[in-house]
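Structure first, commentary second.
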Amino acid sequence: MSDEVEMQYELAQSRSKTFYANFDRKDELQHQTHYCPGCGHGIIHKMVARAIDELGIQNRTILISPVGCSVFAYYYFDVGNVQAAHGRAPAVGTAVKRSRPGSIVVSYQGDGDLSAIGSAEILHAANRGENISVIFVNNAIYSMTGGQVAPTTLLGQWSTTTPGGRKAENEGYPLHVSELLGALEAPVYIERAGLGDNKQIAQAYRAVRKALENQVRGLGFSLVEILSPCPTIWKMSAVDAQHWVRDVMEKTFPLGVIRDRTKEAQPRKMPEAAVSTSEIPQLLGIEHEGPAESHAAPFVRPKTTNLQVRVAGFGGQGVLLLGEVLAEAGLDAGLEVSWLPSYGPEMRSGTSNCHVRLSDEAIDSPLVVRPDVLVAMNEPSLHKFYESVRPGGWVLYNGDAMPEGCDRSDLQVLARPFMQIANQLGDRRAGNMVMLGALLECTGALSQETIDKALGRMVKNAKWLELDKRALAQGRELLRESLKEVCHEG
Amino acid sequence: MSRQLIKGNEAIVKAAVLAGCRGFYGYPITPASEITEAAAAYLPRVGGTFLQAESEVAAINMLYGAASAGVRVMTASSGPGISLMQEGISYMAGAELPCVVADITRAGPGLGNITSEQSDYHQVVKGGGHGNYRTLVLAPHSVQEMADLTALAFELADRYRNPVVLMTDGFIGQMMEPVEFPQAAVGPRLPKWAVAGTEETRGNLISSIYLNSDELEAHVRQLEAKYEIARQRETRAEELYMEDADVVLVGYGIVARILKAVAAEARAEGLRVGVLRPITLFPFPTLHFKKAAKRAKVFIVVEMSNGQLLEDVRLALNGARPVEFLSRVGGNVPSHEEVLAFVQAQARCCAESEQVAHV
Amino acid sequence: MADTGKRDRGSLRIDTDECKGCGLCVEACPPKVIHLSDELNHYGYPTATYVGAGCTGCGICFLACPEPGAITVLRLAHAGSSAAKAEMSEGVGR
């Protein structure tokens, strides 16, 4: 044709501008792809590139390359590129999209990548309805590694690891990913297309474009599965492989729309706008209260405080809270404090205990090995820690009297049914506060004002706050009375 | 309030948000779950992303995605979960992506139990995934350090474009101590290498593939060069009573707290005992050990694992001084009494050998 | 071909450097106006060749071809389509 004649023609189909003009990331053959002749990946790449062109989203697009033959998709696509670990592209894509909601994330995956090692990631990304577009290339085999069986391999199909053909009793049945995902509530659009003939190819392109367009519209998760030829591993000519897609593969994997809610789907809510950094300390609840310091309780700090407390009991008795109030109040009093809970299976039930230290010096070990005070809310806890109490220390025991065997003469003891006493005050759950009152009284560690301030911060319910305060007072009173008794007996 | 009483696990999250962290992807596991729970509370408040993933494998790959997009991002886990994350950590080191992983260690192997142990040392400090890479590892031993080292971890992660692990034990994660947080928050920024879905970042590629052997070798050498710079610049350790120490106690995490208490008691008895606490486990504070070896007679490594820290101490000392070892595992904590008795015995040994030498 | 004054609706340009000779375009082409040449290209592949007439401009060969730019499909311009002419004169494709 002469130029004059050609002048009468216009471009109808040509190289997509989403492809790099030269494949500089590729070592050799700069303007050919690395794919074998007749490979479906090249065809599907062109569909993705063309859809990106048509939707005008080249700058926004981030392509997640998988592991498999299309691992080098980033050689070709002039978009933002992220290469992911085997099967993890939907997880990677999830976070890319959530981090940059304005981006258009395309997770491009093969059948080994998506349906085997990445089966969890695709399932959950789909189930969350991530607003990403997944292009799932199904050629029924692991191609890059040389032809091993895939979850999608057809029954009877030869592979290097099913030399006698795939058998259902050994490898199970071909996995129908699209149908599986179609059982989920969240996906907006799932279609299986093919590259088996012209009609299929044209439809595959429409599906790819729709999957991307859905994301542009913010509708949610879209996936297009494309049955794709692998002439090399299938050991066929390109044309025969194409026919095999249409004549054989399609019988196992019927083409068609499996889910389409694009008409009724509402655009997903965009995340909240970021807050200004100056607001963050307040949002975290860590901002310094300016003049509030001057309202600090008028606590007269003892010259030397080094209080080590072990609190133990059953879960639900308020063991940890008792320790926490003590530590909070200690902090208000300007002391160094530590609070260390036991944790383990007993977090859920059974015994619970915590270590509390208050000191006017830096606390070396938060583990209370030799407590000055043991608060034992039941008998097993008493037995467990009784011997560890420092000579001259206190034992506060929730019981009518100390059980047999607990008769150390070097300890001071207050055994009372604290929980019942609390019950008479209004709720047995305030028993821990009665015990805390006794503890404060016997140690003289902290002023009542300091405790009230900490308690007020921690207990928001007014009814409970009032009860806790009465409980604390009752505990102090119990200890004072017991000291009087000791004096009388003495 | 200038200081607040807060759990170690929660302090990490507040410090992370202050350090500009805007993404948290995690999977619950005792004793690290409070981190994930606190992240669920705080990240959305500041316009960040929180997502509980379907597995640790997915979570770390979500970090890969968020870091690729240029967001400061973190996760938290423990033993078995960290094992599962090794794949993604290797990829992130290979692709030079920053992230922070908090490992609140528990006891193993296998399911082990949920109590505190330090047996993740090897898989964290030596780079538990495949390939020639390291992670920078910070080992807080107090709740204040949980906050401070979290902030440092994000700085280091960005500076070295490498995952940074904050490794401590369940005790430090679960305990409450007063913490003072910085009052200025770091704002989000977009690194120039990120893939953010914009025209400016369109040409960027995040990948750990180097098909060409020479290119991969050059890449690995470049990673090593980074780690070497980290060795020179980022090594940290705390020294306590080290000026005249004959016996040097070595430990990290909760063990270091016990060692401090024991050292104080031993000092009260007139024994010249010091504590050398590695704060960075990688890079390991080798120079601190070499310096200490000039005077000290014996080093005692105490760890809640089977001689993992011990190996690094021996490598650092390179035979210069004997290294004794006290270990508890299974979730047992070395008690003050047993450590003190061990120290007393070693101190006696030192004294005797000194006498022999004088004779 | 004889110039009858009636133009084909379409035309093709094939970049023989890029073509891998898979033959999918030959299979896809409805009027069967593409064949594989006997000549091998730089990389040793036989390449697709337009017979020079009969293209309808349907574009299916482009979609069926796995290479990004091996095939360029042209269509007869409507009168006055200056944009198309401008693009052509820049020599898009090889």
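Simple scheme: letters A, B, ... for chains in structure tokens order, numbers from 1 for residues in each chain, numbers from 1 for ligands in the order shown.
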
Give me, as a tab-separated table, each residue of chain C that comes within 6 Å of chain A, together with its shortest interatomic pair and the distance in Å at one decimal, counting only C-alpha atoms, with rows ordered by chain and rising residue number.
```
residue	atom	partner	partner_atom	distance
C:Glu18	CA	A:Gln32	CA	5.3
C:Lys20	CA	A:Pro37	CA	5.5
C:Cys22	CA	A:Pro37	CA	4.9
C:Leu24	CA	A:Val239	CA	5.9
C:Pro66	CA	A:Gly42	CA	4.0
C:Glu67	CA	A:Gly42	CA	5.7
C:Pro68	CA	A:Arg15	CA	5.5
C:Gly69	CA	A:Arg15	CA	4.5
C:Thr72	CA	A:Ser14	CA	4.6
C:Val73	CA	A:Gln13	CA	4.8
C:Leu74	CA	A:Leu11	CA	4.5
C:Arg75	CA	A:Tyr9	CA	5.2
C:Leu76	CA	A:Tyr9	CA	4.3
C:Ala77	CA	A:Tyr9	CA	4.8
C:Ala84	CA	A:Glu10	CA	4.7
C:Lys85	CA	A:Met7	CA	5.9
```

Restrict the selected residues to N, CA and C atoms and save them as a PDB file, in the first residue's frame.
```
ATOM      1  N   GLU C  18       8.467  -8.723  16.782  1.00  0.00           N
ATOM      2  CA  GLU C  18       7.758  -9.059  18.006  1.00  0.00           C
ATOM      3  C   GLU C  18       7.016 -10.388  17.884  1.00  0.00           C
ATOM      4  N   LYS C  20       5.930 -14.154  17.482  1.00  0.00           N
ATOM      5  CA  LYS C  20       6.545 -15.436  17.830  1.00  0.00           C
ATOM      6  C   LYS C  20       5.987 -16.578  16.996  1.00  0.00           C
ATOM      7  N   CYS C  22       3.033 -17.954  16.706  1.00  0.00           N
ATOM      8  CA  CYS C  22       2.172 -18.969  17.330  1.00  0.00           C
ATOM      9  C   CYS C  22       1.011 -19.375  16.432  1.00  0.00           C
ATOM     10  N   LEU C  24      -1.972 -17.966  16.294  1.00  0.00           N
ATOM     11  CA  LEU C  24      -3.326 -17.720  16.814  1.00  0.00           C
ATOM     12  C   LEU C  24      -4.066 -16.688  15.968  1.00  0.00           C
ATOM     13  N   PRO C  66      -0.900 -12.839  21.467  1.00  0.00           N
ATOM     14  CA  PRO C  66      -0.363 -12.662  22.825  1.00  0.00           C
ATOM     15  C   PRO C  66       0.680 -11.555  22.964  1.00  0.00           C
ATOM     16  N   GLU C  67       1.171 -11.016  21.903  1.00  0.00           N
ATOM     17  CA  GLU C  67       2.221  -9.990  22.023  1.00  0.00           C
ATOM     18  C   GLU C  67       1.612  -8.594  22.003  1.00  0.00           C
ATOM     19  N   PRO C  68       2.149  -7.708  22.834  1.00  0.00           N
ATOM     20  CA  PRO C  68       1.536  -6.387  22.990  1.00  0.00           C
ATOM     21  C   PRO C  68       1.393  -5.610  21.678  1.00  0.00           C
ATOM     22  N   GLY C  69       2.452  -5.637  20.852  1.00  0.00           N
ATOM     23  CA  GLY C  69       2.403  -4.769  19.677  1.00  0.00           C
ATOM     24  C   GLY C  69       2.736  -5.471  18.384  1.00  0.00           C
ATOM     25  N   THR C  72      -0.969  -4.466  14.491  1.00  0.00           N
ATOM     26  CA  THR C  72      -1.708  -3.211  14.544  1.00  0.00           C
ATOM     27  C   THR C  72      -2.822  -3.308  13.511  1.00  0.00           C
ATOM     28  N   VAL C  73      -4.023  -3.009  13.958  1.00  0.00           N
ATOM     29  CA  VAL C  73      -5.165  -3.106  13.052  1.00  0.00           C
ATOM     30  C   VAL C  73      -5.609  -1.704  12.650  1.00  0.00           C
ATOM     31  N   LEU C  74      -5.818  -1.529  11.365  1.00  0.00           N
ATOM     32  CA  LEU C  74      -6.273  -0.234  10.849  1.00  0.00           C
ATOM     33  C   LEU C  74      -7.680  -0.388  10.291  1.00  0.00           C
ATOM     34  N   ARG C  75      -8.416   0.692  10.368  1.00  0.00           N
ATOM     35  CA  ARG C  75      -9.743   0.686   9.730  1.00  0.00           C
ATOM     36  C   ARG C  75      -9.856   1.867   8.790  1.00  0.00           C
ATOM     37  N   LEU C  76     -10.623   1.671   7.771  1.00  0.00           N
ATOM     38  CA  LEU C  76     -10.833   2.741   6.804  1.00  0.00           C
ATOM     39  C   LEU C  76     -11.449   3.937   7.528  1.00  0.00           C
ATOM     40  N   ALA C  77     -10.795   5.080   7.360  1.00  0.00           N
ATOM     41  CA  ALA C  77     -11.279   6.250   8.088  1.00  0.00           C
ATOM     42  C   ALA C  77     -12.537   6.784   7.461  1.00  0.00           C
ATOM     43  N   ALA C  84      -7.206  10.719  12.989  1.00  0.00           N
ATOM     44  CA  ALA C  84      -6.630   9.446  12.564  1.00  0.00           C
ATOM     45  C   ALA C  84      -5.457   9.691  11.634  1.00  0.00           C
ATOM     46  N   LYS C  85      -5.631  10.623  10.744  1.00  0.00           N
ATOM     47  CA  LYS C  85      -4.540  10.894   9.795  1.00  0.00           C
ATOM     48  C   LYS C  85      -3.307  11.403  10.516  1.00  0.00           C
TER      49      LYS C  85
END
```

Near chain B, meaning an atom within 7 Å, which residues of chain A appear when counting only C-alpha atoms? Write them as an MDAnalysis selection string. chainID A and resid 59:62 78:83 88 91:96 98:100 103 121 124 272:275 277:278 280:281 283:284 286:289 293 328 337:341 344 364:365

Using DSSP on the backbone coordinates, identify all residues within region 49-222 of chain B classified as strand (DSSP E); present the result as a ChimeraX atom specification. /B:49-52,73-77,99-105,136-138,163-169,176-179,205-206

How would you write, as a PyMOL selection string, the set of residues in region 25-84 of chain C that DSSP gives as helix (DSSP H, G or I)? chain C and resi 25-28+60-64+82-84

Skip Asp8 (chain C) itself and residues of its chain fewer than 6 positions away, then list as a list of chain:residue names all residues within 8 Å of it, counting only C-alpha atoms. C:Ala53, C:Gly54, C:Cys55, C:Thr56, C:Leu76

Store the residues of this selection in a file with C-alpha atoms, as a PDB file, in the first residue's frame.
```
ATOM      1  CA  ALA C  53      -6.015  -7.568   0.957  1.00  0.00           C
ATOM      2  CA  GLY C  54      -9.344  -8.590   2.379  1.00  0.00           C
ATOM      3  CA  CYS C  55      -8.967  -7.337   5.960  1.00  0.00           C
ATOM      4  CA  THR C  56     -12.274  -6.296   7.435  1.00  0.00           C
ATOM      5  CA  LEU C  76     -10.833   2.741   6.804  1.00  0.00           C
TER       6      LEU C  76
END
```

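Near Val177 (chain A), within a cut-off of 9 Å and counting only C-alpha atoms, sit the residues Leu114, Ser115, Ser119, Thr152, Leu180, Leu181, Gly182 and Glu225 of chain A, with same-chain residues fewer than 3 positions away left out.
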
Would you put the residues from that selection into a file with all heavy atoms, as a compact mmCIF listing (two decimals), in the first residue's frame?
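Contents of result_5.txt, freshly written:
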```txt
# COMPACT_ATOMS: atom_id res chain seq x y z
N LEU A 114 -3.30 -18.84 43.05
CA LEU A 114 -4.57 -18.43 43.66
C LEU A 114 -5.34 -19.59 44.28
O LEU A 114 -5.87 -19.48 45.38
CB LEU A 114 -5.43 -17.71 42.62
CG LEU A 114 -6.78 -17.17 43.10
CD1 LEU A 114 -7.10 -15.84 42.45
CD2 LEU A 114 -7.92 -18.15 42.88
N SER A 115 -5.37 -20.72 43.58
CA SER A 115 -6.30 -21.76 44.04
C SER A 115 -5.64 -22.77 44.98
O SER A 115 -6.33 -23.53 45.64
CB SER A 115 -6.93 -22.48 42.85
OG SER A 115 -6.02 -23.38 42.25
N SER A 119 -5.13 -20.07 48.56
CA SER A 119 -6.58 -20.27 48.66
C SER A 119 -7.18 -19.51 49.84
O SER A 119 -8.30 -19.01 49.76
CB SER A 119 -6.92 -21.76 48.73
OG SER A 119 -6.18 -22.39 49.75
N THR A 152 -6.67 -27.20 39.86
CA THR A 152 -7.56 -27.03 38.71
C THR A 152 -7.30 -28.05 37.60
O THR A 152 -8.01 -28.03 36.59
CB THR A 152 -7.35 -25.62 38.15
OG1 THR A 152 -5.94 -25.37 38.11
CG2 THR A 152 -8.01 -24.57 39.00
N LEU A 180 -16.96 -21.46 44.14
CA LEU A 180 -16.74 -21.38 45.60
C LEU A 180 -16.90 -19.95 46.08
O LEU A 180 -17.61 -19.68 47.06
CB LEU A 180 -15.32 -21.83 45.94
CG LEU A 180 -15.08 -23.29 46.29
CD1 LEU A 180 -13.60 -23.52 46.46
CD2 LEU A 180 -15.82 -23.65 47.56
N LEU A 181 -16.23 -19.04 45.39
CA LEU A 181 -16.30 -17.63 45.81
C LEU A 181 -17.71 -17.08 45.56
O LEU A 181 -18.15 -16.16 46.26
CB LEU A 181 -15.26 -16.80 45.07
CG LEU A 181 -13.80 -17.21 45.31
CD1 LEU A 181 -12.85 -16.27 44.57
CD2 LEU A 181 -13.45 -17.22 46.80
N GLY A 182 -18.37 -17.66 44.60
CA GLY A 182 -19.74 -17.24 44.31
C GLY A 182 -20.72 -17.58 45.43
O GLY A 182 -21.83 -17.06 45.47
N GLU A 225 -12.20 -15.21 36.18
CA GLU A 225 -11.39 -16.40 35.92
C GLU A 225 -11.33 -16.58 34.41
O GLU A 225 -12.36 -16.53 33.74
CB GLU A 225 -12.04 -17.63 36.59
CG GLU A 225 -11.32 -18.93 36.25
CD GLU A 225 -11.95 -20.16 36.94
OE1 GLU A 225 -12.81 -19.98 37.84
OE2 GLU A 225 -11.57 -21.28 36.58
```

For CA of Val369 (chain A) and CA of Ser447 (chain A), quote the distance in Å rounded to one decimal.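 One can read the CA of Val369 (chain A) to CA of Ser447 (chain A) distance as 25.6 Å.
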
Fewer than 3 positions away in the same chain doesn't count, so skip those; otherwise give me all residues within 10 Å of Val343 (chain B), counting only C-alpha atoms, as a list in words. Val247, Val248, Leu249, Val262, Ala263, Ala266, Leu271, Val273, Phe299, Ile300, Glu324, Leu326, Glu337, Glu338, Val339, Leu340, Gln346, Ala347, Arg348 and Cys349 of chain B

Selected residues, C-alpha atoms, written as an mmCIF file, in the first residue's frame, please.
```cif
data_model
loop_
_atom_site.group_PDB
_atom_site.id
_atom_site.type_symbol
_atom_site.label_atom_id
_atom_site.label_comp_id
_atom_site.auth_asym_id
_atom_site.auth_seq_id
_atom_site.Cartn_x
_atom_site.Cartn_y
_atom_site.Cartn_z
ATOM 1 C CA VAL B 247 30.881 -10.851 87.486
ATOM 2 C CA VAL B 248 28.759 -9.618 84.597
ATOM 3 C CA LEU B 249 25.129 -10.663 84.396
ATOM 4 C CA VAL B 262 19.899 -9.608 92.000
ATOM 5 C CA ALA B 263 22.842 -7.349 91.231
ATOM 6 C CA ALA B 266 24.782 -9.010 95.511
ATOM 7 C CA LEU B 271 30.113 -8.734 95.555
ATOM 8 C CA VAL B 273 28.449 -7.747 90.192
ATOM 9 C CA PHE B 299 30.022 -13.524 82.346
ATOM 10 C CA ILE B 300 26.761 -15.149 83.387
ATOM 11 C CA GLU B 324 28.458 -19.398 82.528
ATOM 12 C CA LEU B 326 21.612 -20.222 83.755
ATOM 13 C CA GLU B 337 17.147 -16.851 94.828
ATOM 14 C CA GLU B 338 18.501 -19.185 92.193
ATOM 15 C CA VAL B 339 20.155 -16.400 90.239
ATOM 16 C CA LEU B 340 21.639 -14.937 93.405
ATOM 17 C CA GLN B 346 30.607 -17.676 90.577
ATOM 18 C CA ALA B 347 31.838 -14.756 92.660
ATOM 19 C CA ARG B 348 33.441 -17.204 95.104
ATOM 20 C CA CYS B 349 35.070 -18.990 92.197
#
```

Skip Glu404 (chain A) itself and residues of its chain fewer than 5 positions away, then list as a PyMOL selection string all residues within 12 Å of it, counting only C-alpha atoms. chain A and resi 379+382-383

Could you give me, as a compact mmCIF listing (two decimals) with N, CA, C and O atoms, in the first residue's frame, the residues within 8 Å of Val26 (chain C), counting only C-alpha atoms and dropping anything in the same chain fewer than 2 positions from it?
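So selection_9.txt came out as:
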```txt
# COMPACT_ATOMS: atom_id res chain seq x y z
N GLY C 23 0.62 -18.46 15.56
CA GLY C 23 -0.44 -18.80 14.61
C GLY C 23 -1.85 -18.54 15.10
O GLY C 23 -2.81 -18.85 14.40
N LEU C 24 -1.97 -17.97 16.29
CA LEU C 24 -3.33 -17.72 16.81
C LEU C 24 -4.07 -16.69 15.97
O LEU C 24 -5.29 -16.77 15.81
N ALA C 28 -7.55 -17.03 14.16
CA ALA C 28 -8.62 -16.13 14.56
C ALA C 28 -9.24 -15.38 13.38
O ALA C 28 -10.42 -15.05 13.40
N CYS C 29 -8.45 -15.10 12.38
CA CYS C 29 -8.87 -14.19 11.32
C CYS C 29 -10.07 -14.73 10.55
O CYS C 29 -9.99 -15.77 9.90
N LYS C 32 -9.56 -15.01 6.82
CA LYS C 32 -8.34 -15.79 6.56
C LYS C 32 -7.36 -15.03 5.65
O LYS C 32 -6.96 -15.53 4.59
N VAL C 33 -6.99 -13.84 6.10
CA VAL C 33 -6.06 -13.05 5.29
C VAL C 33 -4.69 -12.93 5.95
O VAL C 33 -3.90 -12.07 5.61
N ILE C 34 -4.44 -13.77 6.99
CA ILE C 34 -3.12 -13.80 7.61
C ILE C 34 -2.57 -15.20 7.43
O ILE C 34 -3.30 -16.19 7.56
N HIS C 35 -1.30 -15.30 7.12
CA HIS C 35 -0.66 -16.62 7.09
C HIS C 35 0.72 -16.51 7.71
O HIS C 35 1.24 -15.40 7.93
N LEU C 36 1.29 -17.65 8.02
CA LEU C 36 2.64 -17.64 8.58
C LEU C 36 3.64 -17.68 7.45
O LEU C 36 3.57 -18.54 6.56
N ALA C 48 3.82 -13.94 11.34
CA ALA C 48 2.53 -13.72 10.70
C ALA C 48 2.70 -12.69 9.58
O ALA C 48 3.49 -11.77 9.69
N CYS C 61 -7.85 -10.46 15.47
CA CYS C 61 -6.47 -10.96 15.45
C CYS C 61 -5.64 -10.25 16.51
O CYS C 61 -4.78 -10.85 17.16
```

Given the choices A:Thr153, A:Asn214, A:Ser222, A:Asn423, which gets closest to Ala471 (chain A) if the distance is worked out from only C-alpha atoms?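 Among the listed residues, A:Asn423 lies closest to Ala471 (chain A).
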
Atomic separation - CA of Ile71 (chain C) relative to CA of Arg9 (chain C), Å: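 Calculated distance between CA of Arg9 (chain C) and CA of Ile71 (chain C) is 16.4 Å.
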
So how many Å separate CA of Ala265 (chain A) and CA of Pro90 (chain A), to one decimal?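 We find that CA of Ala265 (chain A) and CA of Pro90 (chain A) lie 21.1 Å from each other.
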